[in-house]
file data-v1.pdb (PDB, C-alpha atoms (C1' of nucleotides))
ATOM      1  CA  MET A  77      87.356  18.349  -1.256
ATOM      2  CA  ASN A  78      87.091  18.095   2.506
ATOM      3  CA  ILE A  79      84.409  15.642   3.563
ATOM      4  CA  TYR A  80      82.894  15.544   7.022
ATOM      5  CA  ILE A  81      81.583  12.211   8.285
ATOM      6  CA  ALA A  82      79.301  12.399  11.310
ATOM      7  CA  ASN A  83      77.654   9.796  13.518
ATOM      8  CA  LEU A  84      80.390   7.289  12.924
ATOM      9  CA  SER A  85      80.742   4.095  14.889
ATOM     10  CA  PHE A  86      83.433   4.069  17.547
ATOM     11  CA  ASP A  87      84.895   1.029  15.903
ATOM     12  CA  VAL A  88      85.638   3.038  12.757
ATOM     13  CA  HIS A  89      89.117   4.476  12.514
ATOM     14  CA  ASP A  90      91.343   6.240   9.976
ATOM     15  CA  ASP A  91      92.030   3.203   7.829
ATOM     16  CA  ASP A  92      88.359   2.279   8.027
ATOM     17  CA  LEU A  93      87.354   5.645   6.581
ATOM     18  CA  ARG A  94      89.957   5.181   3.883
ATOM     19  CA  ASN A  95      88.425   1.835   2.955
ATOM     20  CA  ILE A  96      84.960   3.400   2.779
ATOM     21  CA  PHE A  97      85.918   6.229   0.428
ATOM     22  CA  ALA A  98      88.536   4.226  -1.455
ATOM     23  CA  PRO A  99      86.330   2.813  -4.288
ATOM     24  CA  TYR A 100      84.855   6.258  -4.999
ATOM     25  CA  GLY A 101      88.135   7.885  -5.881
ATOM     26  CA  GLU A 102      91.599   8.843  -4.752
ATOM     27  CA  VAL A 103      91.560   9.468  -1.031
ATOM     28  CA  THR A 104      94.145  12.105  -0.246
ATOM     29  CA  SER A 105      93.719  11.900   3.512
ATOM     30  CA  ALA A 106      91.443  10.047   5.930
ATOM     31  CA  LYS A 107      91.239  11.109   9.559
ATOM     32  CA  VAL A 108      88.893   9.976  12.318
ATOM     33  CA  ILE A 109      88.828  12.479  15.147
ATOM     34  CA  THR A 110      89.757  10.583  18.263
ATOM     35  CA  ASP A 111      89.055  12.029  21.665
ATOM     36  CA  LYS A 112      92.104  13.747  23.097
ATOM     37  CA  ALA A 113      91.227  12.655  26.613
ATOM     38  CA  THR A 114      90.156   9.078  26.108
ATOM     39  CA  GLY A 115      92.110   8.463  22.917
ATOM     40  CA  ARG A 116      89.079   6.700  21.522
ATOM     41  CA  SER A 117      86.901   7.679  18.602
ATOM     42  CA  ARG A 118      84.646  10.733  18.821
ATOM     43  CA  GLY A 119      82.227   9.386  16.260
ATOM     44  CA  PHE A 120      83.153  11.667  13.368
ATOM     45  CA  GLY A 121      85.973  12.118  10.939
ATOM     46  CA  PHE A 122      87.313  13.889   7.868
ATOM     47  CA  VAL A 123      88.215  12.585   4.435
ATOM     48  CA  GLU A 124      90.034  14.589   1.795
ATOM     49  CA  MET A 125      89.702  13.512  -1.810
ATOM     50  CA  ALA A 126      91.651  14.913  -4.728
ATOM     51  CA  ASP A 127      88.939  14.552  -7.341
ATOM     52  CA  GLU A 128      85.963  16.912  -7.056
ATOM     53  CA  ALA A 129      83.475  14.592  -8.774
ATOM     54  CA  ALA A 130      84.650  11.568  -6.822
ATOM     55  CA  SER A 131      84.218  13.366  -3.519
ATOM     56  CA  THR A 132      80.748  14.611  -4.479
ATOM     57  CA  LYS A 133      79.811  11.117  -5.584
ATOM     58  CA  ALA A 134      81.138   9.651  -2.354
ATOM     59  CA  ILE A 135      79.087  12.149  -0.334
ATOM     60  CA  ALA A 136      75.920  11.354  -2.295
ATOM     61  CA  GLU A 137      76.468   7.618  -2.008
ATOM     62  CA  LEU A 138      77.693   7.385   1.568
ATOM     63  CA  ASN A 139      75.374   9.971   3.092
ATOM     64  CA  GLY A 140      72.730   8.204   5.165
ATOM     65  CA  THR A 141      74.254   4.781   4.683
ATOM     66  CA  THR A 142      74.799   2.312   7.499
ATOM     67  CA  VAL A 143      78.391   1.648   8.489
ATOM     68  CA  GLU A 144      79.189  -0.629  11.408
ATOM     69  CA  ASN A 145      75.465  -0.688  12.274
ATOM     70  CA  ARG A 146      75.504   3.108  12.565
ATOM     71  CA  THR A 147      73.840   5.488  10.103
ATOM     72  CA  ILE A 148      76.531   7.958   9.111
ATOM     73  CA  GLY A 149      76.052  11.484   7.835
ATOM     74  CA  VAL A 150      78.404  12.501   5.049
ATOM     75  CA  THR A 151      78.520  16.199   4.215
ATOM     76  CA  VAL A 152      80.996  18.765   2.946
ATOM     77  CA  ALA A 153      83.278  19.901   5.721
ATOM     78  CA  LYS A 154      83.454  23.540   6.729
ATOM     79  CA  PRO A 155      86.773  25.370   6.744
ATOM     80  CA  LYS A 156      88.859  24.607   9.775
ATOM     81  CA  GLY A 157      89.096  28.247  10.770
ATOM     82  CA  ASP A 158      85.363  28.300  11.427
ATOM     83  CA  ARG A 159      85.659  26.838  14.894
ATOM     84  CA  PRO A 160      86.542  29.304  17.661
ATOM     85  CA  SER A 161      90.233  29.047  18.297
ATOM     86  CA  ARG A 162      91.699  29.894  21.663
ATOM     87  CA  ASP A 163      95.067  30.415  20.055
ATOM     88  CA  PHE A 164      95.604  33.872  18.596
ATOM     89  CA  ASN A 165      99.111  33.164  17.365
ATOM     90  CA  SER A 166      99.868  29.886  15.613
ATOM     91  CA  GLY A 167     103.077  28.339  16.792
ATOM     92  CA  LYS A 168     103.229  30.625  19.796
ATOM     93  CA  SER A 169     101.818  28.646  22.707
ATOM     94  CA  TYR A 170     100.751  30.631  25.706
ATOM     95  CA  ASN A 171      99.620  29.584  29.155
ATOM     96  CA  GLU A 172      96.145  28.061  29.158
ATOM     97  CA  ASN A 173      95.261  29.441  32.572
ATOM     98  CA  ARG A 174      91.694  30.680  32.793
ATOM     99  CA  TYR A 175      91.098  34.210  33.969
TER     100      TYR A 175
ATOM    101  C1'  DC B 197      88.480  10.065  31.907
ATOM    102  C1'  DG B 198      81.474   9.758  29.176
ATOM    103  C1'  DT B 199      79.643   6.501  24.291
ATOM    104  C1'  DG B 200      76.774  10.084  20.939
ATOM    105  C1'  DA B 201      76.862  16.006  19.675
ATOM    106  C1'  DG B 202      77.354  15.744  14.920
ATOM    107  C1'  DC B 203      83.547  20.051  12.204
ATOM    108  C1'  DG B 204      90.036  18.236  13.418
ATOM    109  C1'  DG B 205      95.889  19.868  14.390
TER     110       DG B 205
END
call {"tool": "encode", "arguments": {"input": "data-v1.pdb", "output": "structure tokens"}}
result
Amino acid sequence: MNIYIANLSFDVHDDDLRNIFAPYGEVTSAKVITDKATGRSRGFGFVEMADEAASTKAIAELNGTTVENRTIGVTVAKPKGDRPSRDFNSGKSYNENRY
DNA sequence: CGTGAGCGG
């Protein structure tokens, strides 16, 4: 189950997300999306859990809770392909020049 | 590189 965590504190990182979802079940992967430009946190992240019930429980328990003095929003993540991709061919990088 | 929207590689 892919879990989307929004409104995270900038102090929260990958291992921090792992520690949050750890007691709820087996955390397959924990990733806080850091800004590509600044390298700092963007304020949201993704957590993948192997167990369906554990992930649902984690969402229900952690949604609306306060972490690092910031109220986080935990919801089910949408498929990655939903966001508009500028790359039409994966693995084939083309020039990013704007028309 | 702006730190506040909320969906990454």
call {"tool": "resolve_selection", "arguments": {"input": "data-v1.pdb", "expression": "the PyMOL selection byres ((chain A) within 7 of (chain B))", "output": "number ranges by chain"}}
result
A: 80, 82-83, 109, 113-114, 153-154
call {"tool": "residues_around", "arguments": {"input": "data-v1.pdb", "residues": "Ile148 (chain A)", "least_positions_apart": "2", "cutoff": "12 Å", "atoms": "only C-alpha atoms (C1' of nucleotides)", "output": "JSON, numbers by chain"}}
result
{"A": [80, 81, 82, 83, 84, 85, 86, 88, 93, 96, 119, 120, 121, 135, 136, 137, 138, 139, 140, 141, 142, 143, 144, 145, 146, 150, 151], "B": [202]}
call {"tool": "atom_distance", "arguments": {"input": "data-v1.pdb", "atom1": "CA of Thr132 (chain A)", "atom2": "CA of Arg118 (chain A)"}}
result
23.9 Å
call {"tool": "atom_distance", "arguments": {"input": "data-v1.pdb", "atom1": "CA of Ala130 (chain A)", "atom2": "CA of Arg116 (chain A)"}}
result
29.1 Å
call {"tool": "atom_distance", "arguments": {"input": "data-v1.pdb", "atom1": "CA of Gly115 (chain A)", "atom2": "CA of Met77 (chain A)"}}
result
26.5 Å
call {"tool": "resolve_selection", "arguments": {"input": "data-v1.pdb", "expression": "the PyMOL selection byres ((chain A and resi 124) around 12)", "output": "tab-separated table (two decimals) with C-alpha atoms, in the coordinates of the input"}}
result
chain	number	residue	atom	x	y	z
A	77	MET	CA	87.36	18.35	-1.26
A	78	ASN	CA	87.09	18.10	2.51
A	79	ILE	CA	84.41	15.64	3.56
A	80	TYR	CA	82.89	15.54	7.02
A	81	ILE	CA	81.58	12.21	8.28
A	90	ASP	CA	91.34	6.24	9.98
A	93	LEU	CA	87.35	5.64	6.58
A	94	ARG	CA	89.96	5.18	3.88
A	97	PHE	CA	85.92	6.23	0.43
A	98	ALA	CA	88.54	4.23	-1.46
A	100	TYR	CA	84.86	6.26	-5.00
A	101	GLY	CA	88.14	7.88	-5.88
A	102	GLU	CA	91.60	8.84	-4.75
A	103	VAL	CA	91.56	9.47	-1.03
A	104	THR	CA	94.14	12.10	-0.25
A	105	SER	CA	93.72	11.90	3.51
A	106	ALA	CA	91.44	10.05	5.93
A	107	LYS	CA	91.24	11.11	9.56
A	108	VAL	CA	88.89	9.98	12.32
A	121	GLY	CA	85.97	12.12	10.94
A	122	PHE	CA	87.31	13.89	7.87
A	123	VAL	CA	88.22	12.58	4.43
A	125	MET	CA	89.70	13.51	-1.81
A	126	ALA	CA	91.65	14.91	-4.73
A	127	ASP	CA	88.94	14.55	-7.34
A	128	GLU	CA	85.96	16.91	-7.06
A	130	ALA	CA	84.65	11.57	-6.82
A	131	SER	CA	84.22	13.37	-3.52
A	132	THR	CA	80.75	14.61	-4.48
A	134	ALA	CA	81.14	9.65	-2.35
A	135	ILE	CA	79.09	12.15	-0.33
A	151	THR	CA	78.52	16.20	4.22
A	152	VAL	CA	81.00	18.76	2.95
A	153	ALA	CA	83.28	19.90	5.72
call {"tool": "build_atoms", "arguments": {"input": "data-v1.pdb", "residues": "region 122-137 of chain A", "atoms": "N, CA and C atoms", "output": "mmCIF file, in the coordinates of the input"}}
result
data_model
loop_
_atom_site.group_PDB
_atom_site.id
_atom_site.type_symbol
_atom_site.label_atom_id
_atom_site.label_comp_id
_atom_site.auth_asym_id
_atom_site.auth_seq_id
_atom_site.Cartn_x
_atom_site.Cartn_y
_atom_site.Cartn_z
ATOM 1 N N PHE A 122 87.159 13.090 9.076
ATOM 2 C CA PHE A 122 87.313 13.889 7.868
ATOM 3 C C PHE A 122 88.040 13.090 6.800
ATOM 4 N N VAL A 123 87.568 13.250 5.564
ATOM 5 C CA VAL A 123 88.215 12.585 4.435
ATOM 6 C C VAL A 123 88.474 13.601 3.336
ATOM 7 N N GLU A 124 89.702 13.677 2.875
ATOM 8 C CA GLU A 124 90.034 14.589 1.795
ATOM 9 C C GLU A 124 90.276 13.799 0.513
ATOM 10 N N MET A 125 89.538 14.187 -0.527
ATOM 11 C CA MET A 125 89.702 13.512 -1.810
ATOM 12 C C MET A 125 90.177 14.501 -2.859
ATOM 13 N N ALA A 126 91.052 14.037 -3.728
ATOM 14 C CA ALA A 126 91.651 14.913 -4.728
ATOM 15 C C ALA A 126 90.642 15.293 -5.808
ATOM 16 N N ASP A 127 89.874 14.308 -6.253
ATOM 17 C CA ASP A 127 88.939 14.552 -7.341
ATOM 18 C C ASP A 127 87.632 15.143 -6.830
ATOM 19 N N GLU A 128 87.187 16.221 -7.468
ATOM 20 C CA GLU A 128 85.963 16.912 -7.056
ATOM 21 C C GLU A 128 84.731 16.034 -7.261
ATOM 22 N N ALA A 129 84.634 15.417 -8.443
ATOM 23 C CA ALA A 129 83.475 14.592 -8.774
ATOM 24 C C ALA A 129 83.432 13.333 -7.912
ATOM 25 N N ALA A 130 84.592 12.784 -7.640
ATOM 26 C CA ALA A 130 84.650 11.568 -6.822
ATOM 27 C C ALA A 130 84.203 11.850 -5.398
ATOM 28 N N SER A 131 84.599 12.999 -4.882
ATOM 29 C CA SER A 131 84.218 13.366 -3.519
ATOM 30 C C SER A 131 82.719 13.635 -3.435
ATOM 31 N N THR A 132 82.187 14.329 -4.444
ATOM 32 C CA THR A 132 80.748 14.611 -4.479
ATOM 33 C C THR A 132 79.948 13.325 -4.611
ATOM 34 N N LYS A 133 80.455 12.409 -5.405
ATOM 35 C CA LYS A 133 79.811 11.117 -5.584
ATOM 36 C C LYS A 133 79.857 10.317 -4.286
ATOM 37 N N ALA A 134 80.972 10.379 -3.623
ATOM 38 C CA ALA A 134 81.138 9.651 -2.354
ATOM 39 C C ALA A 134 80.179 10.198 -1.304
ATOM 40 N N ILE A 135 80.009 11.529 -1.286
ATOM 41 C CA ILE A 135 79.087 12.149 -0.334
ATOM 42 C C ILE A 135 77.654 11.711 -0.618
ATOM 43 N N ALA A 136 77.286 11.723 -1.899
ATOM 44 C CA ALA A 136 75.920 11.354 -2.295
ATOM 45 C C ALA A 136 75.641 9.878 -2.015
ATOM 46 N N GLU A 137 76.655 9.054 -2.180
ATOM 47 C CA GLU A 137 76.468 7.618 -2.008
ATOM 48 C C GLU A 137 76.553 7.201 -0.546
#
